[in-house]
Amino acid sequence: RHSSLEAPIMLCEGHGEAVLSLDFSPDGGSFASAGQDRQILLWSVQGECENWAALRGHKKAVTQVRWAEDGECVLSTSADATVRCWDTRTGQQVKRMRGHGDVVNAVSPARRGPPLLVSGGDDCTCRLWDLRVKRPVQTLHEKFQVLAVALSNAADRVYCGGIENSIGVWDLRKGAQEARMTGHADTVTGMDVSRDGNWLLTNSMDNTLRLWDLRPYAPPDRCTRVLQGHSHGFEQNLLRCALSPSGSHATAGSSDRHVYVWDVKTGALEYKLPGHLGSVNEAAFHPKEPIIGSCSSDRRIFLGEIDM
């Protein structure tokens, strides 16, 4: 046994409808899940994986949930066109961010510095928020719907993807688009920046994950690796993706009901994990232990120990 899980595989049930998003807390003691039943559930990783809080307030499906870096609040986006911030200690909503004109699909908090976050939605905008201010601090206009967003480690750039197949790179200091990274042949549904800030992983309906080199002076074609095996289905769910804390592995859900884990260096598929009975919409790595969490349209969440 390599982890503190009570059993090698833990099943967590509590959602009444499809679970669309899952994220571990920065300290690894808890995780948050959310989906079509409009609520965000907080769970313990250890012991019986008890569901210790339910955050309610969204009027429609919750599309993505992310812990802020301080671990004290959870951020959520929803089809009700809001982004919300919740205090995990009290379970209360501390901020409702209005500004998007349509479904908000994704959120990404800053990893250090001021309490910034970026959100992206069907109104074809990415909006930068500061939790100390009421309105969006900056609004970036894309041509098409935005389905996935990520903030760079220095919080000076926004990466966004969606219907356009390419990834927009925005310089927040100039408020202008700096570049577009092309390579995907279909809609981009998920993205994740590595902990060191040097790499961006993206998931697309072309059934590939791509790894992009974000370092300055990288060659013009920044895509260094293409990972394959998983599939996007007719449901067209926004399948997310994640890099492990060390950056050595990548994971993604799949419409074929499996969780996929790749070795980033070789591109080899290391795991194809069964168990779910519906599309796996998000898989995430535990920040400190060899544990992977996954959530699915079957309403269930699994935590599993893997050997990495």
# chains A, B, ... in the order shown; residues from 1 in each chain; ligands from 1
call {"tool": "residues_around", "arguments": {"residues": "Thr139 in chain A", "least_positions_apart": "2", "cutoff": "7 Å", "atoms": "only C-alpha atoms", "output": "ChimeraX atom specification"}}
result
/A:125-128,136,141
call {"tool": "write_last_selection", "arguments": {"atoms": "N, CA and C atoms", "output": "tab-separated table (two decimals), in the first residue's frame"}}
result
chain	number	residue	atom	x	y	z
A	125	THR	N	-16.14	35.09	-23.76
A	125	THR	CA	-15.18	35.91	-23.02
A	125	THR	C	-14.46	35.08	-21.96
A	126	CYS	N	-13.25	35.57	-21.63
A	126	CYS	CA	-12.55	35.16	-20.42
A	126	CYS	C	-12.58	36.38	-19.52
A	127	ARG	N	-12.88	36.18	-18.25
A	127	ARG	CA	-12.92	37.32	-17.34
A	127	ARG	C	-11.97	37.09	-16.17
A	128	LEU	N	-11.18	38.11	-15.89
A	128	LEU	CA	-10.26	38.05	-14.76
A	128	LEU	C	-10.94	38.72	-13.57
A	136	PRO	N	-15.59	42.23	-12.78
A	136	PRO	CA	-14.37	41.67	-13.40
A	136	PRO	C	-13.31	42.75	-13.58
A	141	HIS	N	-11.90	39.16	-25.04
A	141	HIS	CA	-12.92	38.72	-26.00
A	141	HIS	C	-12.36	37.73	-27.00
call {"tool": "closest_residue", "arguments": {"among": "A:Ala18, A:Ala68, A:Met181, A:Leu238", "to": "Arg222 in chain A", "atoms": "only C-alpha atoms"}}
result
A:Met181
call {"tool": "closest_residue", "arguments": {"among": "A:Val94, A:Leu20, A:Ile9, A:Leu209", "to": "Asn237 in chain A", "atoms": "only C-alpha atoms"}}
result
A:Leu20
call {"tool": "residues_around", "arguments": {"residues": "Asp213 in chain A", "least_positions_apart": "5", "cutoff": "9 Å", "atoms": "only C-alpha atoms", "output": "list in words"}}
result
Asn198, Trp199, Leu200, Ala218, Pro219, Asp221, Arg222, Cys223 and Thr224 of chain A
call {"tool": "residues_around", "arguments": {"residues": "Pro109 in chain A", "least_positions_apart": "4", "cutoff": "8 Å", "atoms": "only C-alpha atoms", "output": "PDB file with N, CA, C and O atoms, in the first residue's frame"}}
result
ATOM      1  N   ARG A  66     -12.916  24.366  -8.347  1.00  0.00           N
ATOM      2  CA  ARG A  66     -11.482  24.427  -8.078  1.00  0.00           C
ATOM      3  C   ARG A  66     -11.230  25.006  -6.691  1.00  0.00           C
ATOM      4  O   ARG A  66     -11.879  25.962  -6.291  1.00  0.00           O
ATOM      5  N   TRP A  67     -10.255  24.426  -5.985  1.00  0.00           N
ATOM      6  CA  TRP A  67      -9.838  25.002  -4.699  1.00  0.00           C
ATOM      7  C   TRP A  67      -8.907  26.164  -4.960  1.00  0.00           C
ATOM      8  O   TRP A  67      -8.014  26.074  -5.816  1.00  0.00           O
ATOM      9  N   ALA A  68      -9.080  27.239  -4.200  1.00  0.00           N
ATOM     10  CA  ALA A  68      -8.095  28.321  -4.229  1.00  0.00           C
ATOM     11  C   ALA A  68      -6.831  27.817  -3.547  1.00  0.00           C
ATOM     12  O   ALA A  68      -6.872  26.865  -2.760  1.00  0.00           O
ATOM     13  N   GLU A  69      -5.720  28.456  -3.850  1.00  0.00           N
ATOM     14  CA  GLU A  69      -4.430  27.948  -3.391  1.00  0.00           C
ATOM     15  C   GLU A  69      -4.285  27.964  -1.862  1.00  0.00           C
ATOM     16  O   GLU A  69      -3.541  27.174  -1.301  1.00  0.00           O
ATOM     17  N   LEU A  75     -13.867  27.610  -5.574  1.00  0.00           N
ATOM     18  CA  LEU A  75     -14.439  28.423  -6.648  1.00  0.00           C
ATOM     19  C   LEU A  75     -15.250  27.526  -7.556  1.00  0.00           C
ATOM     20  O   LEU A  75     -14.861  26.389  -7.824  1.00  0.00           O
ATOM     21  N   PRO A 115      -5.513  37.368  -4.757  1.00  0.00           N
ATOM     22  CA  PRO A 115      -6.558  36.352  -4.989  1.00  0.00           C
ATOM     23  C   PRO A 115      -7.267  36.549  -6.328  1.00  0.00           C
ATOM     24  O   PRO A 115      -8.407  36.991  -6.398  1.00  0.00           O
ATOM     25  N   LEU A 116      -6.540  36.229  -7.404  1.00  0.00           N
ATOM     26  CA  LEU A 116      -7.086  36.379  -8.752  1.00  0.00           C
ATOM     27  C   LEU A 116      -7.612  35.044  -9.265  1.00  0.00           C
ATOM     28  O   LEU A 116      -7.160  33.981  -8.837  1.00  0.00           O
ATOM     29  N   LEU A 117      -8.554  35.110 -10.193  1.00  0.00           N
ATOM     30  CA  LEU A 117      -9.000  33.909 -10.888  1.00  0.00           C
ATOM     31  C   LEU A 117      -9.481  34.310 -12.268  1.00  0.00           C
ATOM     32  O   LEU A 117      -9.854  35.461 -12.507  1.00  0.00           O
ATOM     33  N   VAL A 118      -9.462  33.348 -13.185  1.00  0.00           N
ATOM     34  CA  VAL A 118      -9.967  33.610 -14.526  1.00  0.00           C
ATOM     35  C   VAL A 118     -11.094  32.618 -14.805  1.00  0.00           C
ATOM     36  O   VAL A 118     -11.053  31.477 -14.355  1.00  0.00           O
ATOM     37  N   ALA A 150      -6.917  28.565 -18.182  1.00  0.00           N
ATOM     38  CA  ALA A 150      -5.834  28.357 -17.213  1.00  0.00           C
ATOM     39  C   ALA A 150      -5.090  29.670 -17.057  1.00  0.00           C
ATOM     40  O   ALA A 150      -4.944  30.437 -18.009  1.00  0.00           O
ATOM     41  N   LEU A 151      -4.628  29.907 -15.834  1.00  0.00           N
ATOM     42  CA  LEU A 151      -3.847  31.094 -15.523  1.00  0.00           C
ATOM     43  C   LEU A 151      -2.399  30.660 -15.383  1.00  0.00           C
ATOM     44  O   LEU A 151      -2.122  29.623 -14.780  1.00  0.00           O
TER      45      LEU A 151
END
call {"tool": "closest_residue", "arguments": {"among": "A:Gly57, A:Gly162, A:Pro8, A:Pro290", "to": "Ser246 in chain A", "atoms": "only C-alpha atoms"}}
result
A:Pro290
call {"tool": "select_by_dssp", "arguments": {"residues": "range 114-217 of chain A", "states": "strand (DSSP E or B)", "output": "compact mmCIF listing (two decimals) with N, CA and C atoms, in the first residue's frame"}}
result
# COMPACT_ATOMS: atom_id res chain seq x y z
N LEU A 116 -6.54 36.23 -7.40
CA LEU A 116 -7.09 36.38 -8.75
C LEU A 116 -7.61 35.04 -9.27
N LEU A 117 -8.55 35.11 -10.19
CA LEU A 117 -9.00 33.91 -10.89
C LEU A 117 -9.48 34.31 -12.27
N VAL A 118 -9.46 33.35 -13.19
CA VAL A 118 -9.97 33.61 -14.53
C VAL A 118 -11.09 32.62 -14.81
N SER A 119 -12.12 33.09 -15.52
CA SER A 119 -13.24 32.22 -15.88
C SER A 119 -13.50 32.37 -17.38
N GLY A 120 -14.10 31.34 -17.98
CA GLY A 120 -14.41 31.39 -19.41
C GLY A 120 -15.79 30.85 -19.67
N GLY A 121 -16.48 31.41 -20.67
CA GLY A 121 -17.86 30.98 -20.87
C GLY A 121 -18.36 31.03 -22.30
N THR A 125 -16.14 35.09 -23.76
CA THR A 125 -15.18 35.91 -23.02
C THR A 125 -14.46 35.08 -21.96
N CYS A 126 -13.25 35.57 -21.63
CA CYS A 126 -12.55 35.16 -20.42
C CYS A 126 -12.58 36.38 -19.52
N ARG A 127 -12.88 36.18 -18.25
CA ARG A 127 -12.92 37.32 -17.34
C ARG A 127 -11.97 37.09 -16.17
N LEU A 128 -11.18 38.11 -15.89
CA LEU A 128 -10.26 38.05 -14.76
C LEU A 128 -10.94 38.72 -13.57
N TRP A 129 -10.95 38.02 -12.44
CA TRP A 129 -11.60 38.52 -11.22
C TRP A 129 -10.57 38.65 -10.11
N ASP A 130 -10.79 39.63 -9.25
CA ASP A 130 -10.02 39.78 -8.02
C ASP A 130 -11.05 39.66 -6.90
N GLN A 138 -10.78 42.48 -15.69
CA GLN A 138 -10.41 42.52 -17.10
C GLN A 138 -11.31 41.56 -17.86
N THR A 139 -11.67 41.92 -19.09
CA THR A 139 -12.47 41.03 -19.93
C THR A 139 -11.75 40.84 -21.26
N LEU A 140 -11.53 39.59 -21.62
CA LEU A 140 -10.84 39.25 -22.87
C LEU A 140 -11.86 38.65 -23.82
N HIS A 141 -11.90 39.16 -25.04
CA HIS A 141 -12.92 38.72 -26.00
C HIS A 141 -12.36 37.73 -27.00
N VAL A 146 -15.80 29.84 -24.95
CA VAL A 146 -14.62 29.40 -24.20
C VAL A 146 -15.03 28.27 -23.25
N LEU A 147 -14.37 27.13 -23.38
CA LEU A 147 -14.74 25.94 -22.60
C LEU A 147 -13.70 25.58 -21.54
N ALA A 148 -12.48 26.09 -21.70
CA ALA A 148 -11.39 25.74 -20.76
C ALA A 148 -10.48 26.94 -20.60
N VAL A 149 -10.03 27.18 -19.35
CA VAL A 149 -9.12 28.29 -19.09
C VAL A 149 -8.03 27.86 -18.12
N ALA A 150 -6.92 28.56 -18.18
CA ALA A 150 -5.83 28.36 -17.21
C ALA A 150 -5.09 29.67 -17.06
N LEU A 151 -4.63 29.91 -15.83
CA LEU A 151 -3.85 31.09 -15.52
C LEU A 151 -2.40 30.66 -15.38
N ARG A 157 -0.51 35.73 -17.62
CA ARG A 157 -1.06 35.26 -18.89
C ARG A 157 -2.28 34.37 -18.65
N VAL A 158 -3.20 34.43 -19.61
CA VAL A 158 -4.37 33.54 -19.58
C VAL A 158 -4.31 32.66 -20.83
N TYR A 159 -4.53 31.36 -20.63
CA TYR A 159 -4.65 30.42 -21.75
C TYR A 159 -6.11 30.02 -21.82
N CYS A 160 -6.67 30.04 -23.03
CA CYS A 160 -8.07 29.64 -23.14
C CYS A 160 -8.30 28.83 -24.40
N GLY A 161 -9.23 27.90 -24.30
CA GLY A 161 -9.54 27.04 -25.44
C GLY A 161 -11.03 26.81 -25.51
N GLY A 162 -11.49 26.35 -26.67
CA GLY A 162 -12.91 26.09 -26.83
C GLY A 162 -13.23 25.65 -28.23
N ILE A 167 -5.52 27.33 -29.04
CA ILE A 167 -5.44 27.87 -27.68
C ILE A 167 -4.98 29.32 -27.75
N GLY A 168 -5.78 30.21 -27.19
CA GLY A 168 -5.42 31.62 -27.16
C GLY A 168 -4.51 31.90 -25.98
N VAL A 169 -3.46 32.68 -26.22
CA VAL A 169 -2.55 33.11 -25.16
C VAL A 169 -2.70 34.62 -25.02
N TRP A 170 -3.16 35.06 -23.86
CA TRP A 170 -3.40 36.49 -23.63
C TRP A 170 -2.41 37.04 -22.62
N ASP A 171 -1.83 38.20 -22.94
CA ASP A 171 -0.95 38.92 -22.02
C ASP A 171 -1.83 39.88 -21.22
N ALA A 176 -3.93 42.11 -24.36
CA ALA A 176 -4.00 41.73 -25.78
C ALA A 176 -3.62 40.28 -25.97
N GLN A 177 -4.11 39.71 -27.07
CA GLN A 177 -3.74 38.33 -27.38
C GLN A 177 -2.33 38.31 -27.93
N GLU A 178 -1.53 37.41 -27.36
CA GLU A 178 -0.11 37.35 -27.69
C GLU A 178 0.15 36.32 -28.80
N ALA A 179 -0.60 35.22 -28.75
CA ALA A 179 -0.36 34.13 -29.70
C ALA A 179 -1.55 33.20 -29.72
N ARG A 180 -1.58 32.33 -30.75
CA ARG A 180 -2.52 31.20 -30.76
C ARG A 180 -1.71 29.94 -31.01
N MET A 181 -1.93 28.93 -30.17
CA MET A 181 -1.21 27.67 -30.33
C MET A 181 -2.13 26.70 -31.06
N VAL A 188 -11.50 22.25 -27.87
CA VAL A 188 -10.67 22.03 -26.67
C VAL A 188 -11.59 22.08 -25.44
N THR A 189 -11.53 21.03 -24.61
CA THR A 189 -12.49 20.90 -23.50
C THR A 189 -11.86 20.99 -22.12
N GLY A 190 -10.53 20.91 -22.02
CA GLY A 190 -9.89 20.95 -20.71
C GLY A 190 -8.45 21.39 -20.83
N MET A 191 -7.90 21.96 -19.76
CA MET A 191 -6.48 22.31 -19.75
C MET A 191 -5.95 22.41 -18.34
N ASP A 192 -4.64 22.25 -18.21
CA ASP A 192 -3.99 22.31 -16.90
C ASP A 192 -2.55 22.75 -17.08
N VAL A 193 -2.11 23.70 -16.24
CA VAL A 193 -0.71 24.15 -16.26
C VAL A 193 0.06 23.34 -15.24
N TRP A 199 4.65 23.98 -18.58
CA TRP A 199 3.93 23.15 -19.55
C TRP A 199 2.42 23.34 -19.42
N LEU A 200 1.74 23.25 -20.55
CA LEU A 200 0.28 23.29 -20.57
C LEU A 200 -0.21 22.00 -21.21
N LEU A 201 -1.13 21.32 -20.52
CA LEU A 201 -1.75 20.12 -21.06
C LEU A 201 -3.16 20.48 -21.51
N THR A 202 -3.54 20.06 -22.72
CA THR A 202 -4.89 20.36 -23.21
C THR A 202 -5.57 19.08 -23.70
N ASN A 203 -6.89 19.04 -23.56
CA ASN A 203 -7.69 17.89 -24.00
C ASN A 203 -8.64 18.38 -25.08
N SER A 204 -8.81 17.57 -26.12
CA SER A 204 -9.66 18.00 -27.23
C SER A 204 -10.56 16.88 -27.73
N THR A 208 -7.26 13.63 -28.55
CA THR A 208 -5.85 13.70 -28.15
C THR A 208 -5.71 14.65 -26.97
N LEU A 209 -4.64 14.38 -26.20
CA LEU A 209 -4.13 15.39 -25.25
C LEU A 209 -2.86 15.92 -25.89
N ARG A 210 -2.62 17.21 -25.73
CA ARG A 210 -1.38 17.79 -26.22
C ARG A 210 -0.65 18.50 -25.09
N LEU A 211 0.68 18.38 -25.11
CA LEU A 211 1.52 19.05 -24.13
C LEU A 211 2.26 20.17 -24.84
N TRP A 212 2.14 21.39 -24.30
CA TRP A 212 2.73 22.58 -24.93
C TRP A 212 3.81 23.15 -24.02
N ASP A 213 4.92 23.59 -24.65
CA ASP A 213 6.03 24.20 -23.93
C ASP A 213 5.74 25.69 -23.76
call {"tool": "residues_around", "arguments": {"residues": "Thr82 in chain A", "least_positions_apart": "4", "cutoff": "10 Å", "atoms": "only C-alpha atoms", "output": "ChimeraX atom specification"}}
result
/A:58-60,62,76-78,96-105,119,121
call {"tool": "residues_around", "arguments": {"residues": "Thr88 in chain A", "least_positions_apart": "6", "cutoff": "7 Å", "atoms": "only C-alpha atoms", "output": "list of chain:residue names"}}
result
A:Glu72, A:Cys73, A:Val74
call {"tool": "write_last_selection", "arguments": {"atoms": "N, CA, C and O atoms", "output": "PDB file, in the first residue's frame"}}
result
ATOM      1  N   GLU A  72      -8.721  27.656   1.657  1.00  0.00           N
ATOM      2  CA  GLU A  72      -9.826  28.117   2.495  1.00  0.00           C
ATOM      3  C   GLU A  72     -11.103  28.372   1.703  1.00  0.00           C
ATOM      4  O   GLU A  72     -12.167  28.516   2.284  1.00  0.00           O
ATOM      5  N   CYS A  73     -10.969  28.469   0.377  1.00  0.00           N
ATOM      6  CA  CYS A  73     -12.201  28.643  -0.389  1.00  0.00           C
ATOM      7  C   CYS A  73     -12.189  27.809  -1.655  1.00  0.00           C
ATOM      8  O   CYS A  73     -11.142  27.411  -2.169  1.00  0.00           O
ATOM      9  N   VAL A  74     -13.406  27.533  -2.104  1.00  0.00           N
ATOM     10  CA  VAL A  74     -13.632  26.765  -3.319  1.00  0.00           C
ATOM     11  C   VAL A  74     -14.301  27.695  -4.321  1.00  0.00           C
ATOM     12  O   VAL A  74     -15.188  28.474  -3.966  1.00  0.00           O
TER      13      VAL A  74
END
